[in-house]
Every structure is written in structure tokens, then in C-alpha cells.
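**Student:** Here you go, protein.cif (mmCIF, C-alpha atoms):
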data_run
#
loop_
_atom_site.group_PDB
_atom_site.id
_atom_site.type_symbol
_atom_site.label_atom_id
_atom_site.label_comp_id
_atom_site.auth_asym_id
_atom_site.auth_seq_id
_atom_site.Cartn_x
_atom_site.Cartn_y
_atom_site.Cartn_z
ATOM 1 C CA MET C 187 0.000 0.000 0.000
ATOM 2 C CA ALA C 188 1.365 3.470 -0.896
ATOM 3 C CA ARG C 189 2.083 5.703 2.089
ATOM 4 C CA ILE C 190 -0.513 8.304 1.001
ATOM 5 C CA ASP C 191 -3.240 5.636 1.282
ATOM 6 C CA GLU C 192 -2.557 5.539 5.028
ATOM 7 C CA VAL C 193 -2.962 9.316 5.446
ATOM 8 C CA SER C 194 -6.319 10.751 6.556
ATOM 9 C CA VAL C 195 -7.668 14.201 7.331
ATOM 10 C CA GLY C 196 -7.191 14.872 11.044
ATOM 11 C CA ASP C 197 -4.028 12.756 11.379
ATOM 12 C CA ARG C 198 -1.572 14.440 13.706
ATOM 13 C CA LEU C 199 2.107 14.870 12.919
ATOM 14 C CA PRO C 200 4.536 13.930 15.709
ATOM 15 C CA GLU C 201 5.028 16.891 18.093
ATOM 16 C CA SER C 202 8.491 18.264 18.825
ATOM 17 C CA ARG C 203 9.483 20.069 22.005
ATOM 18 C CA HIS C 204 11.975 22.935 21.815
ATOM 19 C CA GLU C 205 13.661 24.164 24.988
ATOM 20 C CA THR C 206 14.944 27.550 23.853
ATOM 21 C CA ASP C 207 18.299 28.612 25.268
ATOM 22 C CA THR C 208 21.048 31.151 24.630
ATOM 23 C CA VAL C 209 23.395 28.667 22.933
ATOM 24 C CA GLY C 210 20.715 27.741 20.413
ATOM 25 C CA GLN C 211 20.023 31.418 19.711
ATOM 26 C CA PHE C 212 23.730 32.159 19.382
ATOM 27 C CA LEU C 213 24.263 29.360 16.868
ATOM 28 C CA TYR C 214 21.218 30.264 14.800
ATOM 29 C CA ASN C 215 21.972 33.979 14.592
ATOM 30 C CA ALA C 216 25.658 33.247 13.940
ATOM 31 C CA VAL C 217 24.804 30.935 11.047
ATOM 32 C CA LEU C 218 22.534 33.627 9.567
ATOM 33 C CA TRP C 219 25.156 36.316 10.267
ATOM 34 C CA ASN C 220 22.446 38.232 12.115
ATOM 35 C CA ALA C 221 23.634 40.768 14.687
ATOM 36 C CA HIS C 222 20.171 41.944 15.810
ATOM 37 C CA ARG C 223 20.761 42.705 19.479
ATOM 38 C CA ILE C 224 17.316 41.614 20.670
ATOM 39 C CA HIS C 225 18.559 38.019 20.267
ATOM 40 C CA PHE C 226 21.755 38.150 22.369
ATOM 41 C CA ASP C 227 22.095 41.461 24.267
ATOM 42 C CA TYR C 228 19.932 41.019 27.371
ATOM 43 C CA PRO C 229 20.185 44.600 28.747
ATOM 44 C CA TYR C 230 19.381 45.980 25.278
ATOM 45 C CA ALA C 231 16.434 43.612 24.750
ATOM 46 C CA THR C 232 14.898 44.232 28.172
ATOM 47 C CA GLU C 233 15.802 47.851 28.965
ATOM 48 C CA THR C 234 15.844 49.539 25.563
ATOM 49 C CA GLU C 235 13.308 47.435 23.669
ATOM 50 C CA LYS C 236 11.287 46.521 26.810
ATOM 51 C CA TYR C 237 10.976 42.854 25.927
ATOM 52 C CA PRO C 238 10.612 40.423 28.843
ATOM 53 C CA GLY C 239 13.775 38.606 27.689
ATOM 54 C CA LEU C 240 15.907 37.710 24.703
ATOM 55 C CA VAL C 241 13.720 37.240 21.630
ATOM 56 C CA VAL C 242 13.750 33.854 19.875
ATOM 57 C CA ALA C 243 14.517 34.404 16.171
ATOM 58 C CA GLY C 244 11.311 34.262 14.105
ATOM 59 C CA PRO C 245 12.669 32.252 11.156
ATOM 60 C CA LEU C 246 14.035 29.624 13.574
ATOM 61 C CA MET C 247 10.436 28.885 14.568
ATOM 62 C CA GLY C 248 9.604 28.703 10.867
ATOM 63 C CA ASP C 249 12.404 26.181 10.471
ATOM 64 C CA TRP C 250 11.036 24.064 13.313
ATOM 65 C CA LEU C 251 7.698 23.896 11.501
ATOM 66 C CA SER C 252 9.422 22.684 8.328
ATOM 67 C CA GLN C 253 11.185 19.990 10.392
ATOM 68 C CA CYS C 254 7.843 18.837 11.740
ATOM 69 C CA VAL C 255 6.720 18.254 8.132
ATOM 70 C CA LEU C 256 9.905 16.660 6.802
ATOM 71 C CA GLU C 257 10.391 14.260 9.703
ATOM 72 C CA TRP C 258 6.812 13.059 9.164
ATOM 73 C CA LEU C 259 7.200 12.866 5.378
ATOM 74 C CA ALA C 260 10.608 11.105 5.581
ATOM 75 C CA ASP C 261 11.701 9.835 2.149
ATOM 76 C CA ASP C 262 8.145 9.221 0.930
ATOM 77 C CA GLY C 263 7.694 12.491 -0.952
ATOM 78 C CA ARG C 264 8.738 16.098 -1.263
ATOM 79 C CA LEU C 265 7.802 19.508 0.028
ATOM 80 C CA LEU C 266 6.043 21.616 -2.615
ATOM 81 C CA ARG C 267 4.905 24.644 -0.644
ATOM 82 C CA PHE C 268 5.490 25.940 2.871
ATOM 83 C CA GLU C 269 4.499 29.110 4.677
ATOM 84 C CA TYR C 270 4.547 30.524 8.178
ATOM 85 C CA SER C 271 3.773 33.768 9.912
ATOM 86 C CA ASN C 272 5.514 35.073 13.052
ATOM 87 C CA ARG C 273 2.513 36.488 14.923
ATOM 88 C CA ARG C 274 3.744 36.561 18.534
ATOM 89 C CA ALA C 275 7.225 36.516 20.017
ATOM 90 C CA ALA C 276 8.871 33.777 22.076
ATOM 91 C CA PHE C 277 11.574 34.461 24.641
ATOM 92 C CA VAL C 278 14.673 32.495 25.587
ATOM 93 C CA GLY C 279 13.691 30.031 28.297
ATOM 94 C CA ASP C 280 10.270 29.386 26.762
ATOM 95 C CA ILE C 281 9.411 25.793 26.008
ATOM 96 C CA LEU C 282 7.764 25.597 22.592
ATOM 97 C CA LEU C 283 5.959 22.844 20.756
ATOM 98 C CA SER C 284 5.866 22.442 16.994
ATOM 99 C CA ARG C 285 2.988 20.373 15.686
ATOM 100 C CA GLY C 286 0.731 19.825 12.730
ATOM 101 C CA GLU C 287 -2.339 18.091 11.396
ATOM 102 C CA VAL C 288 -3.502 16.792 8.030
ATOM 103 C CA GLN C 289 -6.059 19.199 6.611
ATOM 104 C CA ASP C 290 -6.660 17.824 3.143
ATOM 105 C CA VAL C 291 -5.698 14.772 1.098
ATOM 106 C CA ASP C 292 -5.855 14.810 -2.695
ATOM 107 C CA ARG C 293 -5.255 11.204 -3.700
ATOM 108 C CA ALA C 294 -5.358 11.920 -7.445
ATOM 109 C CA ALA C 295 -2.592 14.543 -7.192
ATOM 110 C CA ARG C 296 -0.928 12.598 -4.316
ATOM 111 C CA THR C 297 -0.755 15.826 -2.326
ATOM 112 C CA VAL C 298 -1.462 16.431 1.349
ATOM 113 C CA THR C 299 -2.094 19.831 2.919
ATOM 114 C CA LEU C 300 -0.932 20.289 6.502
ATOM 115 C CA ALA C 301 -1.849 22.921 9.092
ATOM 116 C CA LEU C 302 1.097 23.737 11.358
ATOM 117 C CA GLU C 303 1.722 25.740 14.494
ATOM 118 C CA ILE C 304 4.233 26.647 17.161
ATOM 119 C CA VAL C 305 2.628 27.080 20.579
ATOM 120 C CA ASN C 306 4.121 28.012 23.936
ATOM 121 C CA GLU C 307 3.452 26.329 27.261
ATOM 122 C CA SER C 308 0.456 28.579 27.888
ATOM 123 C CA GLY C 309 -1.070 27.297 24.665
ATOM 124 C CA ASP C 310 -0.633 30.611 22.818
ATOM 125 C CA GLN C 311 -0.219 30.155 19.093
ATOM 126 C CA LEU C 312 2.957 32.037 18.130
ATOM 127 C CA THR C 313 3.651 30.895 14.587
ATOM 128 C CA PRO C 314 0.905 29.400 12.427
ATOM 129 C CA GLY C 315 1.882 27.847 9.120
ATOM 130 C CA SER C 316 0.918 25.410 6.423
ATOM 131 C CA ALA C 317 2.567 23.078 3.941
ATOM 132 C CA VAL C 318 1.707 21.062 0.861
ATOM 133 C CA VAL C 319 3.656 17.857 0.265
ATOM 134 C CA GLN C 320 3.493 15.435 -2.623
ATOM 135 C CA PHE C 321 3.906 11.708 -2.065
ATOM 136 C CA GLN C 322 5.701 9.472 -4.529
ATOM 137 C CA ASP C 323 3.755 6.892 -6.542
ATOM 138 C CA MET Y 126 -5.317 59.705 8.934
ATOM 139 C CA PRO Y 127 -2.699 60.968 6.463
ATOM 140 C CA GLU Y 128 -1.598 58.308 4.031
ATOM 141 C CA LEU Y 129 1.852 56.876 4.672
ATOM 142 C CA ILE Y 130 2.485 55.840 1.105
ATOM 143 C CA THR Y 131 3.181 58.760 -1.207
ATOM 144 C CA ALA Y 132 3.016 58.485 -4.995
ATOM 145 C CA GLU Y 133 6.807 58.732 -5.066
ATOM 146 C CA LEU Y 134 7.178 55.813 -2.666
ATOM 147 C CA ARG Y 135 4.561 53.808 -4.565
ATOM 148 C CA SER Y 136 6.606 54.299 -7.759
ATOM 149 C CA GLN Y 137 9.388 52.194 -6.173
ATOM 150 C CA VAL Y 138 7.303 49.022 -6.444
ATOM 151 C CA GLY Y 139 9.112 46.810 -8.951
ATOM 152 C CA LEU Y 140 12.571 47.850 -7.734
ATOM 153 C CA SER Y 141 15.244 45.111 -7.829
ATOM 154 C CA PRO Y 142 18.787 45.147 -6.451
ATOM 155 C CA GLU Y 143 21.696 43.513 -8.265
ATOM 156 C CA PRO Y 144 21.262 39.703 -8.180
ATOM 157 C CA ARG Y 145 23.455 37.937 -5.606
ATOM 158 C CA THR Y 146 25.343 34.737 -6.324
ATOM 159 C CA GLU Y 147 26.636 32.400 -3.598
ATOM 160 C CA LEU Y 148 28.307 28.998 -3.425
ATOM 161 C CA VAL Y 149 26.600 26.287 -1.330
ATOM 162 C CA THR Y 150 29.106 24.350 0.775
ATOM 163 C CA ARG Y 151 28.584 21.170 2.767
ATOM 164 C CA ARG Y 152 30.099 22.893 5.799
ATOM 165 C CA ASP Y 153 27.545 25.725 5.641
ATOM 166 C CA ILE Y 154 24.678 23.224 5.329
ATOM 167 C CA ARG Y 155 26.026 21.294 8.337
ATOM 168 C CA LYS Y 156 26.365 24.461 10.417
ATOM 169 C CA TYR Y 157 22.830 25.512 9.507
ATOM 170 C CA SER Y 158 21.486 22.049 10.314
ATOM 171 C CA VAL Y 159 23.167 21.924 13.722
ATOM 172 C CA ALA Y 160 22.049 25.472 14.561
ATOM 173 C CA THR Y 161 18.413 24.658 13.765
ATOM 174 C CA GLY Y 162 18.430 21.282 15.542
ATOM 175 C CA GLN Y 163 17.748 19.161 12.464
ATOM 176 C CA ARG Y 164 17.462 15.421 13.116
ATOM 177 C CA LEU Y 165 17.493 13.960 9.595
ATOM 178 C CA SER Y 166 20.965 12.701 8.665
ATOM 179 C CA LYS Y 167 20.819 14.043 5.078
ATOM 180 C CA TYR Y 168 20.760 17.550 6.552
ATOM 181 C CA LEU Y 169 23.200 16.954 9.421
ATOM 182 C CA ASP Y 170 25.693 15.349 7.015
ATOM 183 C CA GLY Y 171 25.283 18.231 4.565
ATOM 184 C CA ASP Y 172 24.064 16.027 1.693
ATOM 185 C CA GLU Y 173 21.068 18.318 1.126
ATOM 186 C CA ALA Y 174 20.047 21.698 2.537
ATOM 187 C CA PRO Y 175 16.975 22.082 4.808
ATOM 188 C CA PRO Y 176 14.104 24.093 3.275
ATOM 189 C CA LEU Y 177 15.015 27.437 4.879
ATOM 190 C CA PHE Y 178 18.786 27.200 4.351
ATOM 191 C CA HIS Y 179 18.625 29.866 1.645
ATOM 192 C CA LEU Y 180 17.820 32.461 4.349
ATOM 193 C CA ALA Y 181 21.344 31.977 5.716
ATOM 194 C CA LEU Y 182 22.925 31.662 2.264
ATOM 195 C CA PHE Y 183 21.603 35.016 1.109
ATOM 196 C CA TRP Y 184 21.590 36.958 4.410
ATOM 197 C CA ASP Y 185 23.368 40.252 3.786
ATOM 198 C CA VAL Y 186 27.015 40.375 4.825
ATOM 199 C CA VAL Y 187 27.752 44.037 5.471
ATOM 200 C CA GLU Y 188 30.493 45.891 7.290
ATOM 201 C CA GLN Y 189 29.859 46.665 10.943
ATOM 202 C CA SER Y 190 29.529 50.366 10.132
ATOM 203 C CA GLN Y 191 26.552 49.443 7.924
ATOM 204 C CA LEU Y 192 24.573 47.955 10.818
ATOM 205 C CA SER Y 193 21.882 50.017 12.531
ATOM 206 C CA PRO Y 194 22.359 50.702 16.300
ATOM 207 C CA ASP Y 195 20.225 47.646 17.087
ATOM 208 C CA GLY Y 196 22.537 45.469 14.978
ATOM 209 C CA VAL Y 197 20.355 45.044 11.910
ATOM 210 C CA ALA Y 198 21.787 45.006 8.386
ATOM 211 C CA LEU Y 199 19.489 47.412 6.601
ATOM 212 C CA ASP Y 200 18.204 46.473 3.188
ATOM 213 C CA ASN Y 201 19.905 49.438 1.559
ATOM 214 C CA TRP Y 202 18.426 48.716 -1.865
ATOM 215 C CA LEU Y 203 14.940 49.414 -0.498
ATOM 216 C CA PRO Y 204 13.530 52.948 -0.430
ATOM 217 C CA GLU Y 205 13.164 54.760 2.878
ATOM 218 C CA PHE Y 206 9.901 53.617 4.444
ATOM 219 C CA PRO Y 207 7.597 55.864 6.524
ATOM 220 C CA LEU Y 208 7.825 53.591 9.588
ATOM 221 C CA GLU Y 209 10.949 51.902 10.900
ATOM 222 C CA ARG Y 210 10.369 49.474 13.730
ATOM 223 C CA ALA Y 211 10.209 45.906 12.451
ATOM 224 C CA MET Y 212 7.435 43.715 13.776
ATOM 225 C CA ALA Y 213 6.331 40.290 12.690
ATOM 226 C CA GLY Y 214 6.624 38.954 9.198
ATOM 227 C CA SER Y 215 5.669 35.984 7.158
ATOM 228 C CA LEU Y 216 7.200 33.833 4.425
ATOM 229 C CA LYS Y 217 5.633 31.813 1.634
ATOM 230 C CA LEU Y 218 7.793 29.381 -0.283
ATOM 231 C CA GLU Y 219 7.408 27.308 -3.394
ATOM 232 C CA TYR Y 220 10.018 24.578 -3.900
ATOM 233 C CA HIS Y 221 11.164 23.324 -7.297
ATOM 234 C CA GLN Y 222 14.365 21.396 -6.585
ATOM 235 C CA PRO Y 223 16.534 20.625 -3.543
ATOM 236 C CA ILE Y 224 19.642 22.659 -2.698
ATOM 237 C CA LEU Y 225 22.797 20.523 -2.785
ATOM 238 C CA PRO Y 226 26.417 21.170 -1.779
ATOM 239 C CA GLY Y 227 28.569 22.470 -4.618
ATOM 240 C CA GLN Y 228 25.760 24.397 -6.309
ATOM 241 C CA THR Y 229 26.161 28.027 -7.241
ATOM 242 C CA LEU Y 230 22.862 29.803 -6.664
ATOM 243 C CA THR Y 231 21.646 33.267 -7.557
ATOM 244 C CA ALA Y 232 18.919 35.231 -5.759
ATOM 245 C CA ARG Y 233 16.909 37.882 -7.572
ATOM 246 C CA ARG Y 234 14.839 40.123 -5.322
ATOM 247 C CA THR Y 235 11.983 42.463 -6.181
ATOM 248 C CA LEU Y 236 9.996 44.870 -4.045
ATOM 249 C CA CYS Y 237 6.581 43.730 -5.216
ATOM 250 C CA ASP Y 238 4.027 45.557 -3.069
ATOM 251 C CA MET Y 239 3.450 47.931 -0.156
ATOM 252 C CA PHE Y 240 0.317 48.835 1.742
ATOM 253 C CA GLU Y 241 -0.795 50.265 5.074
ATOM 254 C CA LYS Y 242 -3.327 49.277 7.713
ATOM 255 C CA GLN Y 243 -4.509 50.799 10.952
ATOM 256 C CA GLY Y 244 -3.383 48.628 13.895
ATOM 257 C CA SER Y 245 -4.736 48.774 17.450
ATOM 258 C CA SER Y 246 -1.838 50.999 18.546
ATOM 259 C CA GLY Y 247 -1.212 53.026 15.396
ATOM 260 C CA PRO Y 248 -0.514 52.683 11.700
ATOM 261 C CA LEU Y 249 1.231 49.639 10.273
ATOM 262 C CA PHE Y 250 3.230 49.565 7.061
ATOM 263 C CA PHE Y 251 3.535 46.339 5.068
ATOM 264 C CA TYR Y 252 5.940 45.613 2.255
ATOM 265 C CA GLU Y 253 6.455 42.495 0.210
ATOM 266 C CA VAL Y 254 9.656 41.224 -1.346
ATOM 267 C CA SER Y 255 9.783 38.285 -3.724
ATOM 268 C CA THR Y 256 12.993 36.311 -4.142
ATOM 269 C CA GLU Y 257 13.613 33.905 -6.966
ATOM 270 C CA VAL Y 258 16.528 31.524 -6.409
ATOM 271 C CA VAL Y 259 17.966 29.913 -9.534
ATOM 272 C CA ASP Y 260 20.830 27.473 -10.168
ATOM 273 C CA ALA Y 261 23.799 27.950 -12.523
ATOM 274 C CA SER Y 262 21.690 26.914 -15.527
ATOM 275 C CA ASP Y 263 18.975 29.406 -14.557
ATOM 276 C CA SER Y 264 16.493 26.703 -13.464
ATOM 277 C CA ILE Y 265 14.270 27.776 -10.596
ATOM 278 C CA VAL Y 266 15.199 26.280 -7.228
ATOM 279 C CA LEU Y 267 12.636 28.092 -5.105
ATOM 280 C CA ILE Y 268 10.451 31.175 -5.001
ATOM 281 C CA GLU Y 269 10.026 33.069 -1.762
ATOM 282 C CA HIS Y 270 7.458 35.727 -0.971
ATOM 283 C CA ALA Y 271 8.169 37.672 2.232
ATOM 284 C CA THR Y 272 5.797 40.118 3.909
ATOM 285 C CA ARG Y 273 7.327 42.423 6.517
ATOM 286 C CA ILE Y 274 5.467 44.690 8.879
ATOM 287 C CA LEU Y 275 6.811 47.988 10.259
ATOM 288 C CA ARG Y 276 5.275 50.162 12.964
#
Represent the supplied structure as C-alpha cells.
**Tutor:**
Amino acid sequence: MARIDEVSVGDRLPESRHETDTVGQFLYNAVLWNAHRIHFDYPYATETEKYPGLVVAGPLMGDWLSQCVLEWLADDGRLLRFEYSNRRAAFVGDILLSRGEVQDVDRAARTVTLALEIVNESGDQLTPGSAVVQFQD
Amino acid sequence: MPELITAELRSQVGLSPEPRTELVTRRDIRKYSVATGQRLSKYLDGDEAPPLFHLALFWDVVEQSQLSPDGVALDNWLPEFPLERAMAGSLKLEYHQPILPGQTLTARRTLCDMFEKQGSSGPLFFYEVSTEVVDASDSIVLIEHATRILR
């Protein structure tokens, strides 16, 4: 049986837990070559910008959503489209969850549409997203 | 409310900077994969780039004197916008082929739209930049559509 035949609307993708810390933020912003001080300069982030802490980089949360999709998809297909929106900030020390759910299955086109989100421990949705993947024959 | 977007600013829609060309290395893919906590071995080994790797590949490398006081590399090809403080943003991506080590990729950016909205605590300015990434034979690798919000 092809993998897509086992996929149904409402199926949940495996959740991932992300314990945000300063080393993770350092590595991510270093690899981007991003010197935005809100991510590593605590006095600047809290006193000048009035954030409650160091801000977790928005595109890193986008990346975590893409990982949620690709770990679920494995080698059974490919990512066609992906989008995310950074709606609310996360701060270093926050524990975040990335998760997703099957929203639509098009068996003729072998495509599956996924709804994705990053939520914090209070259940606030920080980064909604979506993806379309195509399964192999 | 006075309009933020003047006719002169509006005329900048369609603006494109010089295309940027970069070499994809296995080491850069591995660094990106470790920094983002990837778990699939094809990414950790650098055999293929994760879907958002191009953000790092094409992030502006500017001299320190070109950074704003908060450490941001300003998109100096963009016109001066009426609001300055960056808020949230969103990305939409369409993938055509994977990014592999050894490829030479080119990014072509275009300022494709701008609009304003009234937020709960004042005006918000939105602008949209599309980026087309192509390989050495000019085949499309991915298309990105970014919306950024300023307040």
C-alpha cells in the first residue's frame, strides 16, 4: 500500500518540544550572520526594547515547523509549498511545541495539505503555518 | 489619517537590487542544520540543505559600520519607508528542486508591493519582497514571498 493511502484528514504529525536557550540562539543567529541585538544582548532587549527577555529568532520557529513536516514525510515524498507567519514573540527560556495536522488529502494529485503551528506552554499560538507535500507513486 | 504611502514611494514598487550569487558548501549546510536542531541525517551530514537554508545563504554580509544601532543590516536597496520598527513577518515558499552542496545559486529580489493598515496601537506599514533563487543553468530552485510589517 502506498504511504498516502494511510494518510487521513485529522491525522496528527509527531510533536516536537523545543527548549529555547542562549546557545541555540547564538548558533542560529551566527549561522545567519544576524547581529540583531534583541537576540543576544539582554540589557538591550529588556531595557531599551522593553521585551521580557531575549527574543527567539522568528525564522528559527519557521524552520522548526518545516522539520515537523519533513520528519513526518521522511523519504516518501517532497515539500512543494510551505508558509509561516511570526505572529507573537517567544523568549529564551520558553518551552515551545511544533505540531501539525492533516487538513486535506488529494489522492489523485498525491498531495497532502498540513496545518502547522508553534505554541508556547500557555497554549498561545505564536507561529501558524501550512505546507503542501506530494507523495511518490 | 494621512496616508503613509506617497506616490513617489509607490513608484518604487518593482525595484530590484543587483542579483546575488553564492556557493553552497557542505560545511555551511552542516552548520545551519546543527544550529536549527535538524534530526534527519541528510541535513546533518550536509548532503542536502533544509528548506530554509537559503535564508542563511543570502543573508546580507555588510560591514559593521553598515549595521543600525540595534545590529540590523538594513536592506539598503529598499527605499526609505515611513515607519521603521520591524514587527512580525511571514514567508511563503514554493520549492522546485533541492539545494545541494557544490551548487552556485543566484537570488533575484523584487519589491513587489506595499500597503498600510490601521493597527490597534497606530498605523502599520507592510511591504512584500519576492525572491527567486535559480541554479547555474537558470532553473528555478525556489520562489520566496516575504511580507514584513513595520510600525
**Student:** My list of candidates is Y:Ser215, Y:Asn201, Y:Gln228, Y:Thr256. Which is closest to chain C when distances are computed with only C-alpha atoms?
**Tutor:** Y:Ser215
**Student:** Point out the residue among C:Asn306, C:Thr232, C:Asn215, C:Ser284 with the least atom-to-atom distance to chain Y, counting all atoms listed in the file.
**Tutor:** C:Asn215
**Student:** Kindly resolve the PyMOL selection byres ((chain Y) within 9 of (chain C)) on the present coordinates and return the residues as a PyMOL selection string.
**Tutor:** chain Y and resi 153+156-157+159-165+175-178+180-186+192-198+212-221+272
**Student:** Could you list the residues chosen by the PyMOL selection byres ((chain Y and resi 247-251) around 12) in this structure as a PyMOL selection string?
**Tutor:** chain Y and resi 126-130+205-215+236-246+252-254+271-276
**Student:** Distance CA of Leu283 in chain C-CA of Tyr237 in chain C, one decimal place?
**Tutor:**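 CA of Tyr237 in chain C lies at a distance of 21.3 Å from CA of Leu283 in chain C.
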**Student:** Take the PyMOL selection byres ((chain Y and resi 233) around 8), run it mentally on this structure, and tell me the resulting residues as a PyMOL selection string.
**Tutor:** chain Y and resi 141-145+231-232+234-235+256-258
**Student:** I need the residue nearest Val266 in chain Y from this list: Y:Thr229, Y:Gln222, Y:Thr146, Y:Ser136. Use all atoms listed in the file for the distance.
**Tutor:** Y:Gln222
**Student:** Please measure the separation of CA of Glu201 in chain C and CA of His270 in chain Y, giving the value in Å to one decimal.
**Tutor:**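 Taking CA of Glu201 in chain C as the start and CA of His270 in chain Y as the end point, the length is 26.9 Å.
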**Student:** What is the distance between CA of Ile281 in chain C and CA of Ser202 in chain C, in Å to one decimal?
**Tutor:** 10.4 Å
**Student:** Considering all atoms listed in the file, can you say which of Y:Thr131, Y:Leu267, Y:Leu140, Y:Gly171 comes closest to Trp202 in chain Y?
**Tutor:**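 Smallest distance to Trp202 in chain Y is found for Y:Leu140.
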**Student:** Tell me, as a VMD selection string, which residues lie within 8 Å of range 194-196 of chain C, counting all atoms listed in the file; anything in the same chain fewer than 2 positions away does not count.
**Tutor:** chain C and resid 191 to 192 198 287 to 291
**Student:** Taking only C-alpha atoms into account, which of C:Phe277, C:Gly263, C:Arg293, C:Leu199 comes nearest Phe226 in chain C?
**Tutor:** C:Phe277
**Student:** Please provide the set of residues having any atom within 10 Å of Gly227 in chain Y, restricted to all atoms listed in the file, with same-chain residues fewer than 4 positions apart removed, written as a PyMOL selection string.
**Tutor:** chain Y and resi 148-151
**Student:** Keeping C-alpha atoms for every residue in the selection just given, could you write it to a file as a compact mmCIF listing (two decimals), in the frame of the given file?
**Tutor:**
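File written: result16.txt
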# COMPACT_ATOMS: atom_id res chain seq x y z
CA LEU Y 148 28.31 29.00 -3.42
CA VAL Y 149 26.60 26.29 -1.33
CA THR Y 150 29.11 24.35 0.78
CA ARG Y 151 28.58 21.17 2.77
